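These notes are about the structure you will find just below.
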2 protein chains.
Amino acid sequence: MATYDSIDDANNAIAQKIISAQPRLVDVVRAKTVIPELSERLILHAGPPIAFADMPEPVQGSAIGAVLFEGWAKDESSARKVCEKVRFAPNHQFHAVAPMGGILTGNMPVFVVENATDGNRAYTTLHEGEGKVLRYGVYDQSVNDNLVWLRDVLGPAFSNALKLLPGEGLPLNPILAQAVAMGDDFHVRNTAASSLMFRELAPKLVQAAPPQKDLQTLLDFLSGNNEFFLTLAMAAGKAALDAAATIEDGSVVTCLTRNGREFGIRVSGLGDRWFTGPLGELDTLYFPGFGDEDACPDTGDSAVLEAYGFGGLVAVAAPAVQQLVGTGDGGFDDALATSDEQSEIVVTNNPNMPIPNWSFKGVPVGLDVRRIVSTGVAPLITTPVMHKKAGIGMVGIGKVRAPMPCFVAALEALAETHGVAKTT
Amino acid sequence: MATYDSIDDANNAIAQKIISAQPRLVDVVRAKTVIPELSERLILHAGPPIAFADMPEPVQGSAIGAVLFEGWAKDESSARKVCEKVRFAPNHQFHAVAPMGGILTGNMPVFVVENATDGNRAYTTLHEGEGKVLRYGVYDQSVNDNLVWLRDVLGPAFSNALKLLPGEGLPLNPILAQAVAMGDDFHVRNTAASSLMFRELAPKLVQAAPPQKDLQTLLDFLSGNNEFFLTLAMAAGKAALDAAATIEDGSVVTCLTRNGREFGIRVSGLGDRWFTGPLGELDTLYFPGFGDEDACPDTGDSAVLEAYGFGGLVAVAAPAVQQLVGTGDGGFDDALATSDEQSEIVVTNNPNMPIPNWSFKGVPVGLDVRRIVSTGVAPLITTPVMHKKAGIGMVGIGKVRAPMPCFVAALEALAETHGVAKTT
């Protein structure tokens with residue numbers, strides 16, 4: 001275990017794992033082909049462990065929709081009964097991540113992202129578009145039809161297109177590095193990354209020559225979906241952080257996630273142990289007609305993006321996002337101040353991903369539990385906010401602080417097991 | 001003439017013309033179908049008027065290539081003889097603009113950009129890609145083949161795709177507004193705009209269903225061409241500035257351009273009169289192996305982008321460009337200082353095109369000759385730099401100041417004709 005002279009040495013090694021990770025999209029397949037446990041009746045969910053009964057309504061709705069999609073029940077009420085008995089487990093236990101409702105079952109299509117540096121893989125659901133979608137807890141026929149289309153049309157088309165690329169898979173670092181310099185934070189803005197990926201893949205999708213009608217529908221869907229890259233950024237983060245977590249030492253956050261009831265973190269020196277706490281309070285800019293009384297508590301695995309160094313941490317790179325969810329007047333100074341503040345709680349910055357309007361300082365890397373507790377600065381998460389009732393969907397864009405008690409508990413555990421002091 | 005109470009009133013009206021312009025790409029056709037004069041033997045060129053003998057070698061090379069493309073000669077030496085006798089005229093006299101070599105003849109395909117607000121149109125050549133291209137003065141068979149392909153394959157495919165859009169043509173303001181917030185200055189960086197346009201048009205190009213082989217080549221070409229949007233941004237600027245120039249009063253620059261020997265400007269209150277002067281001195285970051293002794297003097301109509309408010313003026317929006325051609329250490333502060341400085345010489349800012357990392361201040365609008373002379377701040381132009389010999393191509397990226405004598409001469413003319421004082 002003690003292969004590093006100090007916590008700092010271990011943390012630096014972890015940061016290098018994140019920086020040197022080379023995530024690439026290698027395939028789109030049904031989840032059960034890469035997560036064998038999903039061949040059985042098993043439902044994966046976002047966040048730390050939680051029982052069906054404790055999930056907020058939209059997450060339950062997503063689970064019900066997944067049961068209907070899998071054909072384990074014919075209607076809502078019997079699907080609900082299935083959910084009350086079936087086994088649930090966190091996505092994170094299976095190298096997977098999924099946004100919002102965060103539900104994943106065996107026949108759903110998943111992106112397979114491989115970290116070429118370490119050879120490990122991460123999996124994530126495909127972005128369904130906006131409106132009526134499973135991740136917001138909707139489970140009507142249109143949602144089912146869309147999932148079938150993603151599985152049977154988009155998935156195979158992507159799989160074929162990826163095989164036509166010159167290398168093995170689509171390298172995600174070049175897209176992440178370009179897009180973070182083009183205003184994306186990847187959590188609530190993926191316009192640049194989605195556009196860059198589309199420009200790279202569209203010729204291959206055409207070359208793969210699916211039936212003309214499918215090709216047309218597919219290109220229209222991708223062309224109209226600014227956020228399509230979201231889950232790919234998440235999977236890139238998961239692949240990088242899983243590689244980082246193989247260094248079972250140090251005090252770096254390797255997981256940030258929410259299940260709609262609790263916030264959960266994992267820390268490099270503490271293995272797979274969950275440290276959970278109450279959810280942070282959302283500060284949301286609502287769409288017209290909605291307010292705090294409508295908001296579902298914070299949920300989804302998408303905070304993997306902040307653990308990876310993006311989202312709220314790169315506010316300076318995405319001032320247009322900051323205008324929506326800014327902590328001050330929403331101007332550029334506000335965005336700059338946020339990233340400067342968040343910089344205090346990380347190990348280093350990624351020289352391969354410079355942010356031009358931060359004087360080319362790199363994306364923050366390696367949230368350090370010790371720094372978080374000693375400075376009192378919690379990671380800032382930017383996030384879509386969905387309605388508390390299943391089926392309504394997104395009601396605004398918010399920001400939320402990862403709750404401090406998780407980090408305090410983790411630091412205490414580090415102190416117990418490793419004798420880590422609370423400050424650097 | 002004197003429909004405005006003051007120069008300031010006229011300038012404000014001009015700025016509003018630029019801000020309210022709604023350029024949209026409506027078609028791709030052979031130039032002679034929209035510029036009837038090009039049905040005769042006529043060669044349009046960049047910049048203010050110039051004779052063939054006075055053009056730098058790469059511009060002559062472009063003209064020779066155009067003669068070969070038009071079939072007016074069978075080989076280089078006879079093409080050169082044609083050039084020595086044929087009529088030349090500036091693009092700007094025919095509502096056209098073209099980059100670098102800037103040569104335009106009747107059978108070349110052009111983008112037709114219509115300003116929906118005023119109904120006027122502007123024309124520009126299609127971006128040929130990099131390497132061996134006519135705009136850098138290359139005129140071998142491959143350049144000719146590429147022009148034929150642009151005319152016979154890309155042009156008709158675009159024309160058909162544009163007809164499938166829901167509205168009339170492709171609105172360019174949304175692309176310009178998004179892309180300037182994503183790091184483009186449109187003069188030396190068009191990555192965001194090219195990607196956004198590709199995402200919007202690719203499904204329509206597929207729907208228009210050209211032969212599969214053509215479609216494949218077309219998508220590969222567009223997918224690989226970061227700078228494809230360049231000439232569209234130029235034509236958007238030309239359409240906006242031509243509308244602005246209908247207000248024949250005030251002191252706003254309506255044209256900035258270079259012919260490789262002279263810099264030329266036009267000013268709203270002085271009609272079509274050219275004010276010319278010596279070219280500014282290029283300050284270039286060269287590609288390895290090249291230096292000042294290799295550079296062709298500054299040329300091309302692309303400085304229409306600075307007259308429109310982009311390019312060097314929006315350095316703050318494109319700090320990655322500034323890193324290449326920055327005036328100081330190339331950091332963000334440097335970019336910010338450049339835009340702040342350039343802001344002093346414009347009438348106002350465009351509220352529809354906010355720059356997030358400039359605290360959402362809009363793109364500068366309306367270069368005012370009075371301010372340029374009184375402050376001594378010349379418009380800053382960012383520009384590709386090509387080799388002084390025809391056929392070698394781009395050797396670096398540079399910056400250059402529009403030469404002050406043009407503005408001084410224009411201000412003196414304004415003083416004579418309108419009694420304009422030299423300071424506001």
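By order of appearance in the structure tokens: chains A, B, ..., then residues from 1 within every chain, and ligands from 1 in the order shown.
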With chain A as the partner and 7 Å as the cut-off, tabulate the residues of chain B that qualify, each row holding the nearest pair of atoms and their distance in Å to one decimal, using only C-alpha atoms, sorted by chain and rising number, as a tab-separated table.
```
residue	atom	partner	partner_atom	distance
B:Met182	CA	A:Met182	CA	4.1
B:Gly183	CA	A:Met182	CA	5.6
B:Ser195	CA	A:Ser195	CA	5.7
B:Leu196	CA	A:Ser195	CA	6.1
B:Phe198	CA	A:Arg199	CA	6.6
B:Arg199	CA	A:Ser223	CA	5.2
B:Glu200	CA	A:Ser223	CA	6.1
B:Pro203	CA	A:Leu219	CA	5.3
B:Gln207	CA	A:Gln216	CA	6.6
B:Gln216	CA	A:Pro203	CA	6.5
B:Leu219	CA	A:Pro203	CA	5.3
B:Asp220	CA	A:Pro203	CA	5.9
B:Ser223	CA	A:Arg199	CA	5.2
B:Pro319	CA	A:Pro356	CA	5.5
B:Ala320	CA	A:Pro356	CA	5.8
B:Gly331	CA	A:Ser359	CA	5.1
B:Phe332	CA	A:Ser359	CA	4.8
B:Pro356	CA	A:Pro319	CA	5.5
B:Asn357	CA	A:Phe332	CA	5.3
B:Trp358	CA	A:Phe332	CA	6.7
B:Ser359	CA	A:Phe332	CA	4.8
```
With N, CA and C atoms retained, could you export that selection as an mmCIF file, in the first residue's frame?
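Contents of part_3.cif, as written:
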```cif
data_model
loop_
_atom_site.group_PDB
_atom_site.id
_atom_site.type_symbol
_atom_site.label_atom_id
_atom_site.label_comp_id
_atom_site.auth_asym_id
_atom_site.auth_seq_id
_atom_site.Cartn_x
_atom_site.Cartn_y
_atom_site.Cartn_z
ATOM 1 N N MET B 182 -17.215 31.424 -29.146
ATOM 2 C CA MET B 182 -16.544 30.119 -29.090
ATOM 3 C C MET B 182 -15.120 30.204 -29.649
ATOM 4 N N GLY B 183 -14.570 31.427 -29.634
ATOM 5 C CA GLY B 183 -13.150 31.553 -29.958
ATOM 6 C C GLY B 183 -12.810 31.906 -31.392
ATOM 7 N N SER B 195 -17.854 24.429 -37.909
ATOM 8 C CA SER B 195 -18.462 23.255 -37.274
ATOM 9 C C SER B 195 -19.971 23.440 -37.109
ATOM 10 N N LEU B 196 -20.367 24.623 -36.669
ATOM 11 C CA LEU B 196 -21.799 24.879 -36.471
ATOM 12 C C LEU B 196 -22.541 24.822 -37.806
ATOM 13 N N PHE B 198 -21.592 23.203 -40.481
ATOM 14 C CA PHE B 198 -21.593 21.807 -40.939
ATOM 15 C C PHE B 198 -22.711 21.030 -40.253
ATOM 16 N N ARG B 199 -22.857 21.248 -38.931
ATOM 17 C CA ARG B 199 -23.902 20.519 -38.191
ATOM 18 C C ARG B 199 -25.276 20.868 -38.738
ATOM 19 N N GLU B 200 -25.452 22.109 -39.158
ATOM 20 C CA GLU B 200 -26.760 22.541 -39.645
ATOM 21 C C GLU B 200 -27.012 22.055 -41.074
ATOM 22 N N PRO B 203 -27.179 17.395 -42.626
ATOM 23 C CA PRO B 203 -28.400 16.598 -42.866
ATOM 24 C C PRO B 203 -29.103 16.991 -44.161
ATOM 25 N N GLN B 207 -29.912 14.822 -47.406
ATOM 26 C CA GLN B 207 -31.300 14.763 -47.894
ATOM 27 C C GLN B 207 -31.395 15.130 -49.381
ATOM 28 N N GLN B 216 -19.877 11.595 -50.305
ATOM 29 C CA GLN B 216 -18.762 11.186 -49.457
ATOM 30 C C GLN B 216 -17.607 12.175 -49.553
ATOM 31 N N LEU B 219 -18.629 15.571 -47.905
ATOM 32 C CA LEU B 219 -18.628 15.590 -46.442
ATOM 33 C C LEU B 219 -17.201 15.498 -45.899
ATOM 34 N N ASP B 220 -16.362 14.712 -46.550
ATOM 35 C CA ASP B 220 -14.963 14.636 -46.112
ATOM 36 C C ASP B 220 -14.285 15.997 -46.250
ATOM 37 N N SER B 223 -15.776 18.350 -43.599
ATOM 38 C CA SER B 223 -15.399 17.879 -42.265
ATOM 39 C C SER B 223 -13.948 18.227 -41.953
ATOM 40 N N PRO B 319 -8.718 34.389 -27.809
ATOM 41 C CA PRO B 319 -7.384 34.427 -27.187
ATOM 42 C C PRO B 319 -6.437 33.367 -27.734
ATOM 43 N N ALA B 320 -6.981 32.281 -28.288
ATOM 44 C CA ALA B 320 -6.100 31.261 -28.863
ATOM 45 C C ALA B 320 -5.400 31.817 -30.101
ATOM 46 N N GLY B 331 -0.891 36.415 -23.813
ATOM 47 C CA GLY B 331 -1.844 35.915 -22.818
ATOM 48 C C GLY B 331 -3.208 36.567 -22.984
ATOM 49 N N PHE B 332 -4.116 36.223 -22.083
ATOM 50 C CA PHE B 332 -5.467 36.754 -22.178
ATOM 51 C C PHE B 332 -5.480 38.265 -21.972
ATOM 52 N N PRO B 356 -18.620 36.747 -24.278
ATOM 53 C CA PRO B 356 -18.719 36.395 -22.856
ATOM 54 C C PRO B 356 -17.515 36.822 -22.030
ATOM 55 N N ASN B 357 -16.303 36.567 -22.535
ATOM 56 C CA ASN B 357 -15.150 36.908 -21.698
ATOM 57 C C ASN B 357 -14.710 38.359 -21.835
ATOM 58 N N TRP B 358 -15.572 39.172 -22.393
ATOM 59 C CA TRP B 358 -15.398 40.628 -22.370
ATOM 60 C C TRP B 358 -16.543 41.200 -21.533
ATOM 61 N N SER B 359 -16.947 40.421 -20.521
ATOM 62 C CA SER B 359 -18.115 40.760 -19.695
ATOM 63 C C SER B 359 -19.339 41.047 -20.561
#
```
Could you pull out all residues of region 268-393 of chain B with a DSSP call of helix (DSSP H, G or I) and give them as a CSV table (one decimal) with N, CA and C atoms, in the first residue's frame?
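Result went into result.csv, see below:
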```csv
chain,number,residue,atom,x,y,z
B,268,SER,N,-18.0,56.2,-45.4
B,268,SER,CA,-19.5,56.4,-45.7
B,268,SER,C,-19.8,57.8,-46.3
B,269,GLY,N,-19.2,58.8,-45.8
B,269,GLY,CA,-19.5,60.1,-46.3
B,269,GLY,C,-18.8,60.5,-47.6
B,270,LEU,N,-18.0,59.6,-48.1
B,270,LEU,CA,-17.2,59.9,-49.3
B,270,LEU,C,-17.5,59.0,-50.5
B,292,ASP,N,10.7,36.7,-42.9
B,292,ASP,CA,10.2,37.9,-43.5
B,292,ASP,C,10.5,38.0,-45.0
B,293,GLU,N,11.7,37.4,-45.3
B,293,GLU,CA,12.1,37.5,-46.7
B,293,GLU,C,11.3,36.7,-47.7
B,294,ASP,N,10.4,35.8,-47.1
B,294,ASP,CA,9.6,35.0,-47.9
B,294,ASP,C,8.1,35.5,-48.1
B,301,ASP,N,-9.2,40.8,-49.9
B,301,ASP,CA,-10.4,41.5,-49.4
B,301,ASP,C,-10.8,41.1,-47.9
B,302,SER,N,-10.0,40.2,-47.3
B,302,SER,CA,-10.5,39.6,-46.1
B,302,SER,C,-10.5,40.7,-44.9
B,303,ALA,N,-9.9,41.8,-45.1
B,303,ALA,CA,-9.9,42.9,-44.1
B,303,ALA,C,-11.3,43.5,-44.0
B,304,VAL,N,-12.2,43.0,-44.9
B,304,VAL,CA,-13.7,43.4,-44.7
B,304,VAL,C,-14.1,42.9,-43.4
B,305,LEU,N,-13.5,41.9,-42.8
B,305,LEU,CA,-13.9,41.3,-41.5
B,305,LEU,C,-13.6,42.3,-40.4
B,306,GLU,N,-12.5,43.1,-40.5
B,306,GLU,CA,-12.2,44.1,-39.5
B,306,GLU,C,-13.1,45.3,-39.7
B,307,ALA,N,-13.4,45.6,-40.9
B,307,ALA,CA,-14.4,46.7,-41.2
B,307,ALA,C,-15.7,46.4,-40.5
B,308,TYR,N,-16.0,45.1,-40.5
B,308,TYR,CA,-17.3,44.5,-40.0
B,308,TYR,C,-17.2,44.4,-38.5
B,311,GLY,N,-12.1,39.9,-36.7
B,311,GLY,CA,-10.7,39.9,-36.9
B,311,GLY,C,-10.0,40.4,-35.7
B,312,GLY,N,-9.0,41.3,-35.9
B,312,GLY,CA,-8.2,41.8,-34.9
B,312,GLY,C,-8.9,42.6,-33.8
B,313,LEU,N,-10.1,43.1,-34.2
B,313,LEU,CA,-10.9,43.9,-33.2
B,313,LEU,C,-11.4,43.0,-32.1
B,314,VAL,N,-11.7,41.7,-32.4
B,314,VAL,CA,-12.3,40.8,-31.4
B,314,VAL,C,-11.2,39.9,-30.8
B,315,ALA,N,-10.0,40.4,-30.7
B,315,ALA,CA,-8.9,39.6,-30.1
B,315,ALA,C,-9.4,38.9,-28.8
B,316,VAL,N,-10.1,39.7,-28.0
B,316,VAL,CA,-10.5,39.2,-26.7
B,316,VAL,C,-11.4,37.9,-26.8
B,317,ALA,N,-12.1,37.8,-27.9
B,317,ALA,CA,-13.0,36.7,-28.2
B,317,ALA,C,-12.2,35.5,-28.6
B,319,PRO,N,-8.7,34.4,-27.8
B,319,PRO,CA,-7.4,34.4,-27.2
B,319,PRO,C,-6.4,33.4,-27.7
B,320,ALA,N,-7.0,32.3,-28.3
B,320,ALA,CA,-6.1,31.3,-28.9
B,320,ALA,C,-5.4,31.8,-30.1
B,321,VAL,N,-6.1,32.7,-30.8
B,321,VAL,CA,-5.5,33.4,-32.0
B,321,VAL,C,-4.4,34.4,-31.4
B,322,GLN,N,-4.8,35.1,-30.4
B,322,GLN,CA,-3.9,36.1,-29.8
B,322,GLN,C,-2.5,35.4,-29.4
B,323,GLN,N,-2.6,34.2,-29.0
B,323,GLN,CA,-1.4,33.5,-28.6
B,323,GLN,C,-0.4,33.4,-29.7
B,324,LEU,N,-1.0,33.3,-31.0
B,324,LEU,CA,-0.2,33.2,-32.2
B,324,LEU,C,0.3,34.6,-32.6
B,325,VAL,N,-0.6,35.5,-32.6
B,325,VAL,CA,-0.2,36.8,-33.2
B,325,VAL,C,-0.3,38.0,-32.2
B,332,PHE,N,-4.1,36.2,-22.1
B,332,PHE,CA,-5.5,36.8,-22.2
B,332,PHE,C,-5.5,38.3,-22.0
B,333,ASP,N,-4.6,38.8,-21.1
B,333,ASP,CA,-4.6,40.2,-20.8
B,333,ASP,C,-4.2,41.0,-22.1
B,334,ASP,N,-3.3,40.4,-22.8
B,334,ASP,CA,-2.9,41.0,-24.1
B,334,ASP,C,-4.1,41.1,-25.1
B,335,ALA,N,-4.9,40.0,-25.2
B,335,ALA,CA,-6.1,40.0,-26.0
B,335,ALA,C,-7.1,41.0,-25.6
B,336,LEU,N,-7.3,41.1,-24.3
B,336,LEU,CA,-8.2,42.0,-23.7
B,336,LEU,C,-7.8,43.5,-24.0
B,337,ALA,N,-6.5,43.7,-23.8
B,337,ALA,CA,-6.0,45.1,-24.1
B,337,ALA,C,-6.2,45.5,-25.5
B,338,THR,N,-6.0,44.5,-26.4
B,338,THR,CA,-6.2,44.8,-27.8
B,338,THR,C,-7.6,45.2,-28.2
B,339,SER,N,-8.6,44.4,-27.7
B,339,SER,CA,-10.0,44.8,-27.9
B,339,SER,C,-10.4,46.1,-27.2
B,340,ASP,N,-9.9,46.3,-26.0
B,340,ASP,CA,-10.2,47.5,-25.4
B,340,ASP,C,-9.6,48.7,-26.2
B,341,GLU,N,-8.4,48.6,-26.7
B,341,GLU,CA,-7.8,49.6,-27.5
B,341,GLU,C,-8.7,49.8,-28.8
B,342,GLN,N,-9.0,48.8,-29.5
B,342,GLN,CA,-9.8,48.9,-30.7
B,342,GLN,C,-11.2,49.5,-30.5
B,343,SER,N,-11.7,49.2,-29.3
B,343,SER,CA,-13.0,49.8,-28.9
B,343,SER,C,-13.0,51.3,-29.0
B,356,PRO,N,-18.6,36.7,-24.3
B,356,PRO,CA,-18.7,36.4,-22.9
B,356,PRO,C,-17.5,36.8,-22.0
B,357,ASN,N,-16.3,36.6,-22.5
B,357,ASN,CA,-15.1,36.9,-21.7
B,357,ASN,C,-14.7,38.4,-21.8
B,358,TRP,N,-15.6,39.2,-22.4
B,358,TRP,CA,-15.4,40.6,-22.4
B,358,TRP,C,-16.5,41.2,-21.5
B,369,VAL,N,-13.4,57.1,-38.8
B,369,VAL,CA,-12.2,57.7,-39.3
B,369,VAL,C,-11.7,58.8,-38.3
B,370,ARG,N,-12.6,59.6,-37.7
B,370,ARG,CA,-12.3,60.7,-36.8
B,370,ARG,C,-11.5,60.1,-35.6
B,371,ARG,N,-12.1,59.1,-35.0
B,371,ARG,CA,-11.5,58.5,-33.8
B,371,ARG,C,-10.1,57.9,-34.2
B,372,ILE,N,-10.0,57.2,-35.3
B,372,ILE,CA,-8.8,56.6,-35.7
B,372,ILE,C,-7.7,57.6,-35.7
B,373,VAL,N,-8.0,58.8,-36.4
B,373,VAL,CA,-7.0,59.8,-36.5
B,373,VAL,C,-6.7,60.5,-35.2
B,374,SER,N,-7.7,60.8,-34.5
B,374,SER,CA,-7.5,61.6,-33.2
B,374,SER,C,-6.8,60.7,-32.2
B,375,THR,N,-7.1,59.4,-32.1
B,375,THR,CA,-6.4,58.6,-31.1
B,375,THR,C,-5.1,58.1,-31.6
```
All strand (DSSP E or B) residues (DSSP, backbone) inside region 298-406 of chain B, as an MDAnalysis selection string | chainID B and resid 299:300 346:355 361:368 380:387 394:401
Would you mind exporting the chosen residues as an mmCIF file, in the first residue's frame, restricted to N, CA and C atoms?
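File result_33.cif, as written:
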```
data_model
loop_
_atom_site.group_PDB
_atom_site.id
_atom_site.type_symbol
_atom_site.label_atom_id
_atom_site.label_comp_id
_atom_site.auth_asym_id
_atom_site.auth_seq_id
_atom_site.Cartn_x
_atom_site.Cartn_y
_atom_site.Cartn_z
ATOM 1 N N THR B 299 -2.323 41.196 -48.650
ATOM 2 C CA THR B 299 -3.257 41.274 -49.769
ATOM 3 C C THR B 299 -4.580 40.580 -49.461
ATOM 4 N N GLY B 300 -5.579 40.904 -50.236
ATOM 5 C CA GLY B 300 -6.880 40.254 -50.113
ATOM 6 C C GLY B 300 -7.957 41.158 -49.548
ATOM 7 N N VAL B 346 -14.368 52.797 -32.477
ATOM 8 C CA VAL B 346 -15.636 52.423 -33.107
ATOM 9 C C VAL B 346 -16.801 53.235 -32.541
ATOM 10 N N VAL B 347 -17.897 53.206 -33.274
ATOM 11 C CA VAL B 347 -19.082 53.982 -32.900
ATOM 12 C C VAL B 347 -19.801 53.340 -31.720
ATOM 13 N N THR B 348 -19.940 52.003 -31.755
ATOM 14 C CA THR B 348 -20.690 51.335 -30.692
ATOM 15 C C THR B 348 -20.339 49.850 -30.685
ATOM 16 N N ASN B 349 -21.134 49.075 -29.947
ATOM 17 C CA ASN B 349 -20.937 47.623 -29.910
ATOM 18 C C ASN B 349 -22.263 46.954 -30.235
ATOM 19 N N ASN B 350 -22.173 45.750 -30.808
ATOM 20 C CA ASN B 350 -23.377 45.043 -31.252
ATOM 21 C C ASN B 350 -23.980 44.232 -30.104
ATOM 22 N N PRO B 351 -25.136 44.665 -29.582
ATOM 23 C CA PRO B 351 -25.711 43.958 -28.423
ATOM 24 C C PRO B 351 -26.176 42.545 -28.763
ATOM 25 N N ASN B 352 -26.335 42.251 -30.057
ATOM 26 C CA ASN B 352 -26.775 40.904 -30.461
ATOM 27 C C ASN B 352 -25.618 39.914 -30.554
ATOM 28 N N MET B 353 -24.401 40.426 -30.396
ATOM 29 C CA MET B 353 -23.240 39.536 -30.469
ATOM 30 C C MET B 353 -22.324 39.766 -29.279
ATOM 31 N N PRO B 354 -22.808 39.388 -28.083
ATOM 32 C CA PRO B 354 -21.995 39.597 -26.878
ATOM 33 C C PRO B 354 -20.799 38.650 -26.831
ATOM 34 N N ILE B 355 -19.701 39.152 -26.304
ATOM 35 C CA ILE B 355 -18.483 38.346 -26.124
ATOM 36 C C ILE B 355 -18.386 38.008 -24.641
ATOM 37 N N LYS B 361 -19.724 42.357 -23.371
ATOM 38 C CA LYS B 361 -19.710 43.526 -24.256
ATOM 39 C C LYS B 361 -19.794 43.012 -25.697
ATOM 40 N N GLY B 362 -20.484 43.753 -26.546
ATOM 41 C CA GLY B 362 -20.723 43.259 -27.898
ATOM 42 C C GLY B 362 -19.561 43.489 -28.853
ATOM 43 N N VAL B 363 -19.638 42.824 -29.993
ATOM 44 C CA VAL B 363 -18.647 42.992 -31.061
ATOM 45 C C VAL B 363 -18.597 44.476 -31.468
ATOM 46 N N PRO B 364 -17.398 45.045 -31.628
ATOM 47 C CA PRO B 364 -17.276 46.458 -32.026
ATOM 48 C C PRO B 364 -17.935 46.702 -33.396
ATOM 49 N N VAL B 365 -18.537 47.867 -33.536
ATOM 50 C CA VAL B 365 -19.246 48.190 -34.784
ATOM 51 C C VAL B 365 -18.925 49.613 -35.227
ATOM 52 N N GLY B 366 -18.514 49.754 -36.467
ATOM 53 C CA GLY B 366 -18.406 51.086 -37.065
ATOM 54 C C GLY B 366 -17.084 51.777 -36.787
ATOM 55 N N LEU B 367 -16.043 51.427 -37.520
ATOM 56 C CA LEU B 367 -14.755 52.121 -37.377
ATOM 57 C C LEU B 367 -14.937 53.568 -37.820
ATOM 58 N N ASP B 368 -14.594 54.490 -36.938
ATOM 59 C CA ASP B 368 -14.816 55.908 -37.204
ATOM 60 C C ASP B 368 -13.474 56.560 -37.563
ATOM 61 N N LEU B 380 -6.538 46.946 -36.140
ATOM 62 C CA LEU B 380 -5.596 45.822 -36.143
ATOM 63 C C LEU B 380 -6.196 44.679 -36.959
ATOM 64 N N ILE B 381 -5.426 44.192 -37.901
ATOM 65 C CA ILE B 381 -5.887 43.122 -38.784
ATOM 66 C C ILE B 381 -5.080 41.861 -38.501
ATOM 67 N N THR B 382 -5.768 40.750 -38.287
ATOM 68 C CA THR B 382 -5.078 39.454 -38.207
ATOM 69 C C THR B 382 -5.231 38.790 -39.557
ATOM 70 N N THR B 383 -4.206 38.125 -40.027
ATOM 71 C CA THR B 383 -4.273 37.640 -41.406
ATOM 72 C C THR B 383 -3.338 36.477 -41.670
ATOM 73 N N PRO B 384 -3.774 35.536 -42.512
ATOM 74 C CA PRO B 384 -2.810 34.555 -43.020
ATOM 75 C C PRO B 384 -1.794 35.299 -43.888
ATOM 76 N N VAL B 385 -0.591 34.790 -43.921
ATOM 77 C CA VAL B 385 0.455 35.390 -44.754
ATOM 78 C C VAL B 385 0.914 34.331 -45.753
ATOM 79 N N MET B 386 0.995 34.721 -47.045
ATOM 80 C CA MET B 386 1.419 33.731 -48.040
ATOM 81 C C MET B 386 2.798 34.051 -48.589
ATOM 82 N N HIS B 387 3.378 33.058 -49.235
ATOM 83 C CA HIS B 387 4.710 33.220 -49.796
ATOM 84 C C HIS B 387 4.670 34.210 -50.954
ATOM 85 N N MET B 394 0.652 29.296 -47.848
ATOM 86 C CA MET B 394 0.696 30.005 -46.579
ATOM 87 C C MET B 394 2.022 29.745 -45.869
ATOM 88 N N VAL B 395 2.624 30.814 -45.337
ATOM 89 C CA VAL B 395 3.896 30.664 -44.630
ATOM 90 C C VAL B 395 3.792 31.082 -43.163
ATOM 91 N N GLY B 396 2.651 31.642 -42.779
ATOM 92 C CA GLY B 396 2.514 32.037 -41.383
ATOM 93 C C GLY B 396 1.211 32.776 -41.135
ATOM 94 N N ILE B 397 1.070 33.211 -39.881
ATOM 95 C CA ILE B 397 -0.091 34.008 -39.500
ATOM 96 C C ILE B 397 0.439 35.310 -38.924
ATOM 97 N N GLY B 398 -0.125 36.414 -39.381
ATOM 98 C CA GLY B 398 0.434 37.687 -38.966
ATOM 99 C C GLY B 398 -0.604 38.673 -38.487
ATOM 100 N N LYS B 399 -0.074 39.761 -38.019
ATOM 101 C CA LYS B 399 -0.957 40.884 -37.714
ATOM 102 C C LYS B 399 -0.367 42.110 -38.396
ATOM 103 N N VAL B 400 -1.267 43.035 -38.720
ATOM 104 C CA VAL B 400 -0.816 44.218 -39.435
ATOM 105 C C VAL B 400 -1.770 45.352 -39.082
ATOM 106 N N ARG B 401 -1.221 46.550 -38.979
ATOM 107 C CA ARG B 401 -2.061 47.718 -38.725
ATOM 108 C C ARG B 401 -2.485 48.319 -40.061
#
```
Within 9 Å of Ala236 (chain B), counting only C-alpha atoms, which residues qualify if same-chain residues fewer than 4 places away don't, as a ChimeraX atom specification?
-> /B:21-25,113-115,122,172-173,231-232,240-241,305,308
Counting only C-alpha atoms, which of A:Gly65, A:Pro36, A:Gly106, A:Gly277 gets nearest to Ser142 (chain A)?
-> A:Gly65
So what do you get for CA of Ala15 (chain B) versus CA of His418 (chain B), distance-wise?
-> 19.4 Å
One decimal, Å: what's the distance from CA of Pro278 (chain A) over to CA of Lys238 (chain A), could you say?
-> 23.0 Å
Using only C-alpha atoms: which of A:Ile392, A:Ile345, A:Val26, A:Ala98 has the shortest distance to Tyr136 (chain A) =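 Residue with the minimum atom-to-atom distance to Tyr136 (chain A): A:Ile392.
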Have a look at CA of Gly155 (chain B) and CA of Val28 (chain B) and let me know their distance in Å, one decimal.
->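 Interatomic distance, CA of Gly155 (chain B) to CA of Val28 (chain B): 5.4 Å.
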